[in-house]
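Undergrad: Just one file: query-v4.pdb, with PDB, C-alpha atoms.
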```pdb
ATOM      1  CA  MET A1161      12.624  13.896  -4.317
ATOM      2  CA  THR A1162      15.179  12.990  -1.664
ATOM      3  CA  ASP A1163      18.215  10.745  -1.643
ATOM      4  CA  ALA A1164      17.180   7.602   0.273
ATOM      5  CA  ASP A1165      20.582   7.265   1.957
ATOM      6  CA  THR A1166      21.276  10.865   2.937
ATOM      7  CA  GLY A1167      17.853  12.523   2.968
ATOM      8  CA  ARG A1168      19.261  15.325   0.801
ATOM      9  CA  ILE A1169      16.666  16.968  -1.436
ATOM     10  CA  LEU A1170      17.523  16.238  -5.068
ATOM     11  CA  TYR A1171      14.579  17.993  -6.698
ATOM     12  CA  GLY A1172      11.385  19.578  -5.586
ATOM     13  CA  LYS A1173       8.576  21.503  -7.211
ATOM     14  CA  ASP A1174       5.635  22.286  -4.960
ATOM     15  CA  ALA A1175       7.124  19.571  -2.728
ATOM     16  CA  GLY A1176       5.327  20.895   0.341
ATOM     17  CA  THR A1177       1.901  21.349  -1.225
ATOM     18  CA  PRO A1178      -0.649  18.878   0.189
ATOM     19  CA  MET A1179      -2.410  16.849  -2.509
ATOM     20  CA  ALA A1180      -4.595  13.769  -2.725
ATOM     21  CA  ASN A1181      -2.260  10.791  -2.759
ATOM     22  CA  ALA A1182      -4.514   8.236  -4.446
ATOM     23  CA  SER A1183      -2.906   4.855  -5.026
ATOM     24  CA  THR A1184       0.494   5.965  -3.720
ATOM     25  CA  THR A1185      -1.177   5.364  -0.344
ATOM     26  CA  LYS A1186      -0.779   1.652  -1.006
ATOM     27  CA  ILE A1187       2.986   1.849  -0.557
ATOM     28  CA  MET A1188       2.429   2.694   3.119
ATOM     29  CA  THR A1189      -0.202  -0.048   3.385
ATOM     30  CA  CYS A1190       2.276  -2.561   1.971
ATOM     31  CA  LEU A1191       5.104  -1.451   4.244
ATOM     32  CA  LEU A1192       2.959  -1.627   7.383
ATOM     33  CA  ALA A1193       1.651  -5.069   6.429
ATOM     34  CA  ILE A1194       5.235  -6.308   5.983
ATOM     35  CA  GLU A1195       6.361  -4.706   9.243
ATOM     36  CA  SER A1196       3.402  -6.269  11.097
ATOM     37  CA  GLY A1197       5.118  -9.653  10.974
ATOM     38  CA  LYS A1198       1.840 -11.225   9.823
ATOM     39  CA  ILE A1199       2.633 -11.921   6.164
ATOM     40  CA  GLN A1200       2.032 -15.658   6.556
ATOM     41  CA  ASP A1201      -1.372 -15.079   8.217
ATOM     42  CA  THR A1202      -4.681 -15.946   6.601
ATOM     43  CA  VAL A1203      -6.710 -12.877   5.571
ATOM     44  CA  THR A1204     -10.462 -13.151   5.092
ATOM     45  CA  PHE A1205     -12.236 -10.681   2.809
ATOM     46  CA  SER A1206     -15.037  -8.960   4.715
ATOM     47  CA  GLU A1207     -18.211  -7.538   3.235
ATOM     48  CA  HIS A1208     -16.703  -4.067   3.718
ATOM     49  CA  ALA A1209     -13.515  -4.972   1.837
ATOM     50  CA  CYS A1210     -15.529  -6.518  -0.997
ATOM     51  CA  SER A1211     -17.611  -3.329  -1.273
ATOM     52  CA  MET A1212     -14.646  -1.208  -2.375
ATOM     53  CA  PRO A1213     -14.925   0.368  -5.826
ATOM     54  CA  LYS A1214     -12.874  -0.660  -8.820
ATOM     55  CA  VAL A1215      -9.974  -1.412  -9.242
ATOM     56  CA  ARG A1216     -10.609  -4.658  -7.319
ATOM     57  CA  LEU A1217      -9.373  -8.200  -6.952
ATOM     58  CA  GLY A1218     -13.074  -9.048  -7.038
ATOM     59  CA  CYS A1219     -13.260 -12.125  -4.848
ATOM     60  CA  PRO A1220     -16.422 -12.982  -2.891
ATOM     61  CA  THR A1221     -16.931 -12.158   0.796
ATOM     62  CA  GLY A1222     -15.276 -14.795   2.973
ATOM     63  CA  THR A1223     -12.514 -15.646   0.494
ATOM     64  CA  GLN A1224      -9.212 -16.278   2.254
ATOM     65  CA  PHE A1225      -5.658 -15.608   1.092
ATOM     66  CA  VAL A1226      -2.219 -15.644   2.617
ATOM     67  CA  LEU A1227      -1.363 -12.014   3.386
ATOM     68  CA  GLU A1228       1.912 -12.177   1.445
ATOM     69  CA  ASP A1229       0.009 -13.059  -1.746
ATOM     70  CA  LEU A1230      -2.308 -10.103  -1.196
ATOM     71  CA  LEU A1231       0.691  -7.764  -1.117
ATOM     72  CA  TYR A1232       1.223  -8.616  -4.795
ATOM     73  CA  SER A1233      -2.436  -7.821  -5.525
ATOM     74  CA  LEU A1234      -1.967  -4.535  -3.685
ATOM     75  CA  MET A1235       1.235  -3.418  -5.376
ATOM     76  CA  LEU A1236       1.060  -4.949  -8.859
ATOM     77  CA  GLU A1237      -2.605  -4.238  -9.633
ATOM     78  CA  SER A1238      -3.477  -1.618  -6.985
ATOM     79  CA  HIS A1239      -6.624  -3.414  -5.817
ATOM     80  CA  ASN A1240      -8.781  -1.324  -3.486
ATOM     81  CA  ASP A1241     -10.554  -4.298  -1.901
ATOM     82  CA  THR A1242      -7.228  -5.931  -1.117
ATOM     83  CA  ALA A1243      -6.034  -2.791   0.690
ATOM     84  CA  ALA A1244      -9.137  -2.811   2.890
ATOM     85  CA  ALA A1245      -8.815  -6.547   3.652
ATOM     86  CA  ILE A1246      -5.153  -6.098   4.610
ATOM     87  CA  ALA A1247      -5.967  -3.117   6.839
ATOM     88  CA  GLU A1248      -8.754  -4.967   8.618
ATOM     89  CA  HIS A1249      -6.518  -7.972   9.221
ATOM     90  CA  VAL A1250      -3.460  -6.072  10.432
ATOM     91  CA  ALA A1251      -5.236  -3.548  12.680
ATOM     92  CA  GLY A1252      -8.799  -4.801  13.156
ATOM     93  CA  SER A1253     -10.408  -2.011  11.125
ATOM     94  CA  VAL A1254      -9.661   0.434   8.354
ATOM     95  CA  GLU A1255      -9.810   3.298  10.875
ATOM     96  CA  ALA A1256      -7.333   1.645  13.259
ATOM     97  CA  PHE A1257      -5.029   0.938  10.315
ATOM     98  CA  ALA A1258      -5.191   4.594   9.251
ATOM     99  CA  ASP A1259      -4.076   5.516  12.770
ATOM    100  CA  LEU A1260      -1.077   3.180  12.366
ATOM    101  CA  MET A1261      -0.331   4.749   8.984
ATOM    102  CA  ASN A1262      -0.351   8.239  10.510
ATOM    103  CA  GLU A1263       1.867   7.167  13.414
ATOM    104  CA  ARG A1264       4.403   5.599  11.062
ATOM    105  CA  ALA A1265       4.347   8.629   8.745
ATOM    106  CA  ALA A1266       5.135  10.854  11.733
ATOM    107  CA  GLU A1267       8.056   8.549  12.624
ATOM    108  CA  PHE A1268       9.418   9.128   9.116
ATOM    109  CA  GLY A1269       9.229  12.887   9.679
ATOM    110  CA  CYS A1270       6.156  13.498   7.531
ATOM    111  CA  GLN A1271       4.568  16.772   8.617
ATOM    112  CA  ASN A1272       1.903  17.286   5.961
ATOM    113  CA  THR A1273       0.503  13.787   5.548
ATOM    114  CA  HIS A1274      -2.812  12.472   6.786
ATOM    115  CA  PHE A1275      -4.101   8.988   5.973
ATOM    116  CA  VAL A1276      -7.788   8.104   6.209
ATOM    117  CA  THR A1277      -7.898   5.010   3.955
ATOM    118  CA  PRO A1278      -5.447   2.187   3.170
ATOM    119  CA  ASN A1279      -6.170   2.424  -0.565
ATOM    120  CA  GLY A1280      -6.032   6.154  -1.284
ATOM    121  CA  LEU A1281      -9.700   6.697  -2.031
ATOM    122  CA  ASP A1282     -10.624  10.311  -1.324
ATOM    123  CA  ARG A1283     -11.963  10.597   2.203
ATOM    124  CA  SER A1284     -11.757  12.891   5.175
ATOM    125  CA  ASP A1285     -12.200  12.470   8.894
ATOM    126  CA  LYS A1286     -12.281  14.827  11.865
ATOM    127  CA  LYS A1287      -8.506  15.339  11.528
ATOM    128  CA  GLY A1288      -8.599  16.331   7.859
ATOM    129  CA  GLU A1289      -8.408  15.209   4.254
ATOM    130  CA  HIS A1290      -6.580  12.108   3.028
ATOM    131  CA  GLN A1291      -3.445  13.736   1.588
ATOM    132  CA  THR A1292       0.317  13.976   1.480
ATOM    133  CA  THR A1293       3.021  16.077  -0.130
ATOM    134  CA  ALA A1294       5.668  15.078  -2.635
ATOM    135  CA  TYR A1295       8.303  15.656   0.041
ATOM    136  CA  ASP A1296       6.537  13.474   2.621
ATOM    137  CA  LEU A1297       5.968  10.783   0.005
ATOM    138  CA  SER A1298       9.702  10.787  -0.704
ATOM    139  CA  LEU A1299      10.345  10.162   3.017
ATOM    140  CA  ILE A1300       7.947   7.205   2.974
ATOM    141  CA  MET A1301       9.503   5.800  -0.206
ATOM    142  CA  ALA A1302      12.992   6.166   1.268
ATOM    143  CA  ALA A1303      11.913   3.815   4.057
ATOM    144  CA  CYS A1304      10.188   1.424   1.642
ATOM    145  CA  ILE A1305      13.233   0.929  -0.545
ATOM    146  CA  GLN A1306      15.228  -0.083   2.519
ATOM    147  CA  ASN A1307      12.868  -3.063   2.973
ATOM    148  CA  ASP A1308      13.903  -6.163   1.014
ATOM    149  CA  LYS A1309      10.412  -7.697   0.980
ATOM    150  CA  PHE A1310       8.913  -4.449  -0.337
ATOM    151  CA  LEU A1311      11.497  -4.426  -3.140
ATOM    152  CA  GLU A1312      10.895  -8.102  -3.927
ATOM    153  CA  ILE A1313       7.170  -7.491  -4.318
ATOM    154  CA  THR A1314       7.394  -4.265  -6.311
ATOM    155  CA  GLU A1315      10.081  -5.638  -8.634
ATOM    156  CA  THR A1316       7.938  -8.656  -9.577
ATOM    157  CA  ALA A1317       6.745  -8.508 -13.183
ATOM    158  CA  SER A1318       3.843 -10.941 -12.812
ATOM    159  CA  LYS A1319       2.439 -13.434 -10.347
ATOM    160  CA  THR A1320      -0.598 -15.676 -10.070
ATOM    161  CA  ILE A1321      -2.201 -15.928  -6.650
ATOM    162  CA  SER A1322      -4.837 -18.345  -5.394
ATOM    163  CA  SER A1323      -7.219 -18.322  -2.488
ATOM    164  CA  ILE A1324      -6.334 -20.783   0.251
ATOM    165  CA  ASP A1325      -9.050 -23.198  -0.875
ATOM    166  CA  GLY A1326      -8.028 -22.801  -4.534
ATOM    167  CA  THR A1327     -11.451 -21.639  -5.734
ATOM    168  CA  PHE A1328     -10.303 -18.139  -6.722
ATOM    169  CA  GLN A1329      -7.226 -17.278  -8.792
ATOM    170  CA  ALA A1330      -5.890 -14.023 -10.151
ATOM    171  CA  ALA A1331      -3.112 -13.323 -12.626
ATOM    172  CA  LEU A1332      -1.368 -10.131 -11.536
ATOM    173  CA  ASN A1333       0.836  -7.943 -13.715
ATOM    174  CA  ASN A1334       3.056  -5.087 -12.672
ATOM    175  CA  HIS A1335       2.028  -1.922 -14.510
ATOM    176  CA  ASN A1336       5.201   0.001 -13.677
ATOM    177  CA  ALA A1337       6.630   0.821 -17.111
ATOM    178  CA  LEU A1338      10.045   1.562 -15.615
ATOM    179  CA  LEU A1339      10.353  -2.049 -14.456
ATOM    180  CA  SER A1340      10.687  -3.325 -18.019
ATOM    181  CA  MET A1341      13.278  -0.653 -18.826
ATOM    182  CA  LEU A1342      15.733  -1.784 -16.147
ATOM    183  CA  ASP A1343      18.490  -4.281 -16.863
ATOM    184  CA  ALA A1344      18.220  -7.439 -14.806
TER
END
```
Show the structure stored in the file as structure tokens.
TA:
Amino acid sequence: MTDADTGRILYGKDAGTPMANASTTKIMTCLLAIESGKIQDTVTFSEHACSMPKVRLGCPTGTQFVLEDLLYSLMLESHNDTAAAIAEHVAGSVEAFADLMNERAAEFGCQNTHFVTPNGLDRSDKKGEHQTTAYDLSLIMAACIQNDKFLEITETASKTISSIDGTFQAALNNHNALLSMLDA
């Protein structure tokens, strides 16, 4: 764990050991989507996005949402299909988005991180396994907490989102137990 302002290591145990990063991957997906400047764009769920395993938003192929609404689906409920739809919209494909994720991680100073998916599902490619370290994750989080939109989304307790045509709705709830422990 590092101090977000100074970068000083506050605590570390096996901080440099590469591990599968599962849903923590979605924090990088969210940050890149925000930084893309496309959060008011319309995102269409492809067949590929809709094929992602549970946990899913579960909308049909072709359903359209405003990207900003999907960021709540991504961060509050950790929907795998939403991560894929966001990646495809921002970069054109999941693979191209993973390349953006790896470039941005390198900019943060991450040396033992490799992204293959936008949702954290276990995968590998010719460059290696989808993984990060606790130290690298702390570098990514330090950047995330400097982003007001990221904080707004992740501090939201609940939100209902609707498809653009109104035919699909989802009630989203933040499952971060620490959120309810903080004073407003």
Undergrad: Give me, as a count of residues only, all polymer residues having an atom no more than 9 Å from A:Ile1187, counting all atoms listed in the file and skipping those fewer than 3 positions away in the same chain.
TA: 11
Undergrad: Starting from the shown file, work through the PyMOL selection byres ((chain A and resi 1240) around 6) and note down what comes out as an MDAnalysis selection string.
TA: chainID A and resid 1212 1215:1216 1239 1241:1243 1279
Undergrad: Using all atoms listed in the file, can you tell me which of A:Asn1334, A:Gln1271, A:Gln1306, A:Thr1277 comes closest to A:Thr1292?
TA: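 With all atoms listed in the file as the atom set, the closest residue is A:Gln1271.
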Undergrad: Please, what distance in Å, to one decimal, runs between atom CA of A:Ala1266 and atom CA of A:Ser1196?
TA: 17.2 Å
Undergrad: Could you spell out the hits of the PyMOL selection byres ((chain A and resi 1313) around 12) on the shown file, as a ChimeraX atom specification?
TA: /A:1187,1190-1191,1194,1228-1237,1304-1305,1307-1312,1314-1319,1332-1334,1339
Undergrad: Restricted to C-alpha atoms, what would the selected residues look like written as an mmCIF file, keeping the file's coordinate frame?
TA:
```
data_model
loop_
_atom_site.group_PDB
_atom_site.id
_atom_site.type_symbol
_atom_site.label_atom_id
_atom_site.label_comp_id
_atom_site.auth_asym_id
_atom_site.auth_seq_id
_atom_site.Cartn_x
_atom_site.Cartn_y
_atom_site.Cartn_z
ATOM 1 C CA ILE A 1187 2.986 1.849 -0.557
ATOM 2 C CA CYS A 1190 2.276 -2.561 1.971
ATOM 3 C CA LEU A 1191 5.104 -1.451 4.244
ATOM 4 C CA ILE A 1194 5.235 -6.308 5.983
ATOM 5 C CA GLU A 1228 1.912 -12.177 1.445
ATOM 6 C CA ASP A 1229 0.009 -13.059 -1.746
ATOM 7 C CA LEU A 1230 -2.308 -10.103 -1.196
ATOM 8 C CA LEU A 1231 0.691 -7.764 -1.117
ATOM 9 C CA TYR A 1232 1.223 -8.616 -4.795
ATOM 10 C CA SER A 1233 -2.436 -7.821 -5.525
ATOM 11 C CA LEU A 1234 -1.967 -4.535 -3.685
ATOM 12 C CA MET A 1235 1.235 -3.418 -5.376
ATOM 13 C CA LEU A 1236 1.060 -4.949 -8.859
ATOM 14 C CA GLU A 1237 -2.605 -4.238 -9.633
ATOM 15 C CA CYS A 1304 10.188 1.424 1.642
ATOM 16 C CA ILE A 1305 13.233 0.929 -0.545
ATOM 17 C CA ASN A 1307 12.868 -3.063 2.973
ATOM 18 C CA ASP A 1308 13.903 -6.163 1.014
ATOM 19 C CA LYS A 1309 10.412 -7.697 0.980
ATOM 20 C CA PHE A 1310 8.913 -4.449 -0.337
ATOM 21 C CA LEU A 1311 11.497 -4.426 -3.140
ATOM 22 C CA GLU A 1312 10.895 -8.102 -3.927
ATOM 23 C CA THR A 1314 7.394 -4.265 -6.311
ATOM 24 C CA GLU A 1315 10.081 -5.638 -8.634
ATOM 25 C CA THR A 1316 7.938 -8.656 -9.577
ATOM 26 C CA ALA A 1317 6.745 -8.508 -13.183
ATOM 27 C CA SER A 1318 3.843 -10.941 -12.812
ATOM 28 C CA LYS A 1319 2.439 -13.434 -10.347
ATOM 29 C CA LEU A 1332 -1.368 -10.131 -11.536
ATOM 30 C CA ASN A 1333 0.836 -7.943 -13.715
ATOM 31 C CA ASN A 1334 3.056 -5.087 -12.672
ATOM 32 C CA LEU A 1339 10.353 -2.049 -14.456
#
```
Undergrad: Name the residues that the PyMOL selection byres ((chain A and resi 1220-1227) around 9) picks from the file above, as a short mmCIF file (atom, residue, chain, number, x, y, z; two decimals) with C-alpha atoms, in the coordinates of the input, using the file's chain letters and numbers.
TA:
```
data_model
loop_
_atom_site.label_atom_id
_atom_site.label_comp_id
_atom_site.auth_asym_id
_atom_site.auth_seq_id
_atom_site.Cartn_x
_atom_site.Cartn_y
_atom_site.Cartn_z
CA ALA A 1193 1.65 -5.07 6.43
CA LYS A 1198 1.84 -11.22 9.82
CA ILE A 1199 2.63 -11.92 6.16
CA GLN A 1200 2.03 -15.66 6.56
CA ASP A 1201 -1.37 -15.08 8.22
CA THR A 1202 -4.68 -15.95 6.60
CA VAL A 1203 -6.71 -12.88 5.57
CA THR A 1204 -10.46 -13.15 5.09
CA PHE A 1205 -12.24 -10.68 2.81
CA SER A 1206 -15.04 -8.96 4.72
CA GLU A 1207 -18.21 -7.54 3.24
CA HIS A 1208 -16.70 -4.07 3.72
CA ALA A 1209 -13.52 -4.97 1.84
CA CYS A 1210 -15.53 -6.52 -1.00
CA GLY A 1218 -13.07 -9.05 -7.04
CA CYS A 1219 -13.26 -12.12 -4.85
CA GLU A 1228 1.91 -12.18 1.44
CA ASP A 1229 0.01 -13.06 -1.75
CA LEU A 1230 -2.31 -10.10 -1.20
CA LEU A 1231 0.69 -7.76 -1.12
CA ILE A 1246 -5.15 -6.10 4.61
CA HIS A 1249 -6.52 -7.97 9.22
CA ILE A 1321 -2.20 -15.93 -6.65
CA SER A 1322 -4.84 -18.34 -5.39
CA SER A 1323 -7.22 -18.32 -2.49
CA ILE A 1324 -6.33 -20.78 0.25
CA ASP A 1325 -9.05 -23.20 -0.88
CA THR A 1327 -11.45 -21.64 -5.73
CA PHE A 1328 -10.30 -18.14 -6.72
#
```
Undergrad: Which residues are close to A:Gly1288, i.e. within 9 Å by all atoms listed in the file, leaving aside same-chain residues fewer than 5 positions away? Reply as a PDB file with C-alpha atoms, in the coordinates of the input.
TA:
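Output below, filename around.pdb:
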```pdb
ATOM      1  CA  HIS A1274      -2.812  12.472   6.786  1.00  0.00           C
ATOM      2  CA  PHE A1275      -4.101   8.988   5.973  1.00  0.00           C
ATOM      3  CA  VAL A1276      -7.788   8.104   6.209  1.00  0.00           C
ATOM      4  CA  ARG A1283     -11.963  10.597   2.203  1.00  0.00           C
TER       5      ARG A1283
END
```
Undergrad: What does the distance from atom CA of A:Glu1263 to atom CA of A:Ala1294 come to in Å, to one decimal?
TA: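 Going from atom CA of A:Glu1263 over to atom CA of A:Ala1294 covers 18.3 Å.
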Undergrad: Just how far from atom CA of A:Ala1244 is atom CA of A:Ala1330, in Å to one decimal?
TA: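 Between atom CA of A:Ala1330 and atom CA of A:Ala1244 the gap is 17.5 Å.
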